[in-house]
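Engineer: Provided herewith is a single structure, encoded as structure tokens, for subsequent inquiry.
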Amino acid sequence: MTKPVLEITGLDVTFPGLVKDMRILRGVDLQIQAGEILGLVGESGSGKSMTASACLGMVPAPARVNGSILIDGEEVVGRSDADLNRMRGCKVAMVFQNPMRSLNPFFTIGQQLIEIIRRHRSCGKREAQVAAVEGLQSVQIPDANAMLARYPHQLSGGQIQRVMIALALACRPKVLIADEPTTALDVTVQAQIISLLYRLAKDAGLTILFITHDLGVVSQLCDRVAVMYEGEIVETGSVSDIIDNPAHPYSKRLIEAFPAVGRKQEEFRAQEEPACGPNITMGGAL
């Protein structure tokens, strides 16, 4: 079996407190192979986004991070800021939940994309502009040359999210982390972004960690699923195994809380407290 492109082992994140420390992640273990899409699901506050932040070396101070995160064989935990800046973009990149807040409104799409490419690829402006156009074309943006001259406020939500994916992929990373990338988009645009990510993984061999609370998106996009509860991975398996035959009580309640076509309202009301904790509330990421 080939070595995983992303391998997380025993990841712990702890924030010091006045009375006692707060342990956000508790021994997280995850592995993702090249070209695979792993869905990381769980309720709001379960630690999904903190896991993503740790993969980029962006856990805020004064948190303590222990364990190991290997991306393409290179360790993230304990690296210097200079090393992490080099790895971000070239080894791992991220697409965030709210695309409207991810771009600088005072600069054109071309200025922002070209700067990223020049910084990480060490190339000239002309070469970077050609790469920027190719990047926009790769995410199916029509008339990419014209797009370079536009400002973020001139784009729709779906266009901005495509630009953000192009920005994330501009430096040819091994791993793309997508943190709730379809939450702020309407259903039609969601389907387009899901299709785009699937094509990038299967055609270009991109490895994707897809963070979401939407099991509908997971069933369409992901190869495997990891279920997170209170900072721990409680179950991992194929999409069909987790959705059709969940083994952990939390996974069962998470699936029951998700409305399905043909299911009556009474069928997904909580009748009693689950064995693993309080009622599940579907929401955004931590």
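All residue names refer to the structure tokens as shown: chains lettered A, B, ... in order, residues numbered from 1 in each chain, ligands numbered from 1 in order.
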Mind checking which residues fall within 9 Å of range 60-62 of chain A, counting only C-alpha atoms, ignoring those fewer than 5 positions away in the same chain, and posting them as an mmCIF file with N, CA, C and O atoms, in the first residue's frame?
Structural biologist:
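Contents of part-v8.cif, freshly written:
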data_model
loop_
_atom_site.group_PDB
_atom_site.id
_atom_site.type_symbol
_atom_site.label_atom_id
_atom_site.label_comp_id
_atom_site.auth_asym_id
_atom_site.auth_seq_id
_atom_site.Cartn_x
_atom_site.Cartn_y
_atom_site.Cartn_z
ATOM 1 N N THR A 14 -4.294 21.755 22.903
ATOM 2 C CA THR A 14 -4.755 22.127 24.237
ATOM 3 C C THR A 14 -4.524 23.618 24.464
ATOM 4 O O THR A 14 -3.432 24.139 24.182
ATOM 5 N N PHE A 15 -5.557 24.290 24.974
ATOM 6 C CA PHE A 15 -5.443 25.705 25.332
ATOM 7 C C PHE A 15 -5.373 25.821 26.852
ATOM 8 O O PHE A 15 -6.225 25.270 27.562
ATOM 9 N N PRO A 16 -4.362 26.533 27.376
ATOM 10 C CA PRO A 16 -4.257 26.693 28.825
ATOM 11 C C PRO A 16 -5.377 27.579 29.356
ATOM 12 O O PRO A 16 -5.797 28.539 28.704
ATOM 13 N N SER A 53 -6.730 23.787 10.817
ATOM 14 C CA SER A 53 -5.744 24.798 11.201
ATOM 15 C C SER A 53 -4.416 24.163 11.584
ATOM 16 O O SER A 53 -3.342 24.673 11.248
#
Engineer: Set the distance at 8 Å and use only C-alpha atoms: which residues neighbour range 73-80 of chain A once local chain neighbours fewer than 5 positions away are removed? I'd like the list as a VMD selection string.
Structural biologist: chain A and resid 5 54 to 57 65 to 68
Engineer: Counting only C-alpha atoms, what is within 12 Å of range 143-158 of chain A, bar same-chain residues fewer than 3 positions away, as a VMD selection string?
Structural biologist: chain A and resid 97 to 114 128 to 140 161 to 166 181 to 194 196
Engineer: How about saving the chosen residues, C-alpha atoms kept, as a compact mmCIF listing (two decimals), in the first residue's frame?
Structural biologist:
# COMPACT_ATOMS: atom_id res chain seq x y z
CA GLN A 97 -16.15 28.70 4.26
CA ASN A 98 -16.97 32.30 3.35
CA PRO A 99 -15.38 33.16 -0.01
CA MET A 100 -16.58 36.79 0.15
CA ARG A 101 -14.20 37.44 3.07
CA SER A 102 -11.23 35.61 1.60
CA LEU A 103 -10.18 38.12 -1.06
CA ASN A 104 -8.88 41.67 -0.63
CA PRO A 105 -11.60 43.98 -2.02
CA PHE A 106 -9.03 46.65 -3.01
CA PHE A 107 -7.09 44.48 -5.49
CA THR A 108 -8.15 42.79 -8.69
CA ILE A 109 -8.38 39.02 -9.02
CA GLY A 110 -5.33 39.10 -11.27
CA GLN A 111 -3.21 41.10 -8.81
CA GLN A 112 -3.95 38.69 -5.98
CA LEU A 113 -3.51 35.51 -8.01
CA ILE A 114 -0.31 36.70 -9.71
CA ALA A 128 2.79 34.28 -13.43
CA GLN A 129 0.04 35.91 -15.50
CA VAL A 130 -0.02 32.96 -17.90
CA ALA A 131 -0.20 30.57 -14.92
CA ALA A 132 -3.03 32.67 -13.42
CA VAL A 133 -5.09 32.39 -16.59
CA GLU A 134 -4.46 28.64 -16.74
CA GLY A 135 -5.47 28.34 -13.09
CA LEU A 136 -8.78 30.12 -13.68
CA GLN A 137 -9.43 27.97 -16.73
CA SER A 138 -8.75 24.82 -14.70
CA VAL A 139 -11.66 25.69 -12.39
CA GLN A 140 -13.94 26.28 -15.39
CA GLN A 161 -15.33 30.29 -4.65
CA ARG A 162 -13.91 29.09 -7.97
CA VAL A 163 -11.30 31.86 -7.77
CA MET A 164 -10.44 30.74 -4.23
CA ILE A 165 -9.95 27.17 -5.45
CA ALA A 166 -7.73 28.50 -8.24
CA PRO A 181 -16.69 25.52 1.00
CA THR A 182 -20.31 25.20 -0.17
CA THR A 183 -22.17 26.42 2.94
CA ALA A 184 -22.69 30.02 1.77
CA LEU A 185 -23.73 29.02 -1.77
CA ASP A 186 -27.12 28.17 -3.23
CA VAL A 187 -27.93 24.58 -4.14
CA THR A 188 -27.18 24.89 -7.86
CA VAL A 189 -23.77 26.48 -7.27
CA GLN A 190 -23.04 23.91 -4.53
CA ALA A 191 -23.50 21.14 -7.07
CA GLN A 192 -21.11 22.86 -9.48
CA ILE A 193 -18.39 23.26 -6.82
CA ILE A 194 -18.82 19.63 -5.71
CA LEU A 196 -15.37 20.62 -9.74
Engineer: Kindly assemble as a tab-separated table a list of the range 176-262 of chain A residues that lie within 7 Å of range 21-31 of chain A, each paired with its nearest atom pair and their distance in Å to one decimal, using only C-alpha atoms, sorted first by chain and then by ascending residue number.
Structural biologist:
residue	atom	partner	partner_atom	distance
A:Gly231	CA	A:Leu25	CA	4.1
A:Glu232	CA	A:Arg26	CA	5.3
A:Ile233	CA	A:Val28	CA	6.0
Engineer: As a PyMOL selection string, list the residues of range 21-245 of chain A assigned to strand (DSSP E) by DSSP on the backbone atoms of this structure.
Structural biologist: chain A and resi 22-32+37-41+64-71+74-75+92-95+175-179+207-212+224-229+232-238
Engineer: Out of range 20-103 of chain A, which residues get alpha helix (DSSP H) from DSSP, as a list in words?
Structural biologist: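 Alpha helix (DSSP H) members of range 20-103 of chain A, listed: Lys48, Ser49, Met50, Thr51, Ala52, Ser53, Ala54, Cys55, Asp81, Ala82, Asp83, Leu84, Asn85, Arg86, Met87, Arg88, Gly89 and Cys90 of chain A.
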Engineer: State, in Å with one decimal place, the distance from CA of Leu167 in chain A to CA of Ile117 in chain A.
Structural biologist: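 Rounded to one decimal, the two atoms are 8.4 Å apart.
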Engineer: List the neighbours of range 238-245 of chain A out to 7 Å using only C-alpha atoms; skip same-chain residues closer than 2 positions along the sequence, and give me the result as an MDAnalysis selection string.
Structural biologist: chainID A and resid 219 222:225 247 255
Engineer: Between A:Ser122, A:Thr236, A:Thr207, A:Ser49, which has the minimum distance to Phe96 in chain A (counting only C-alpha atoms)?
Structural biologist: A:Ser49
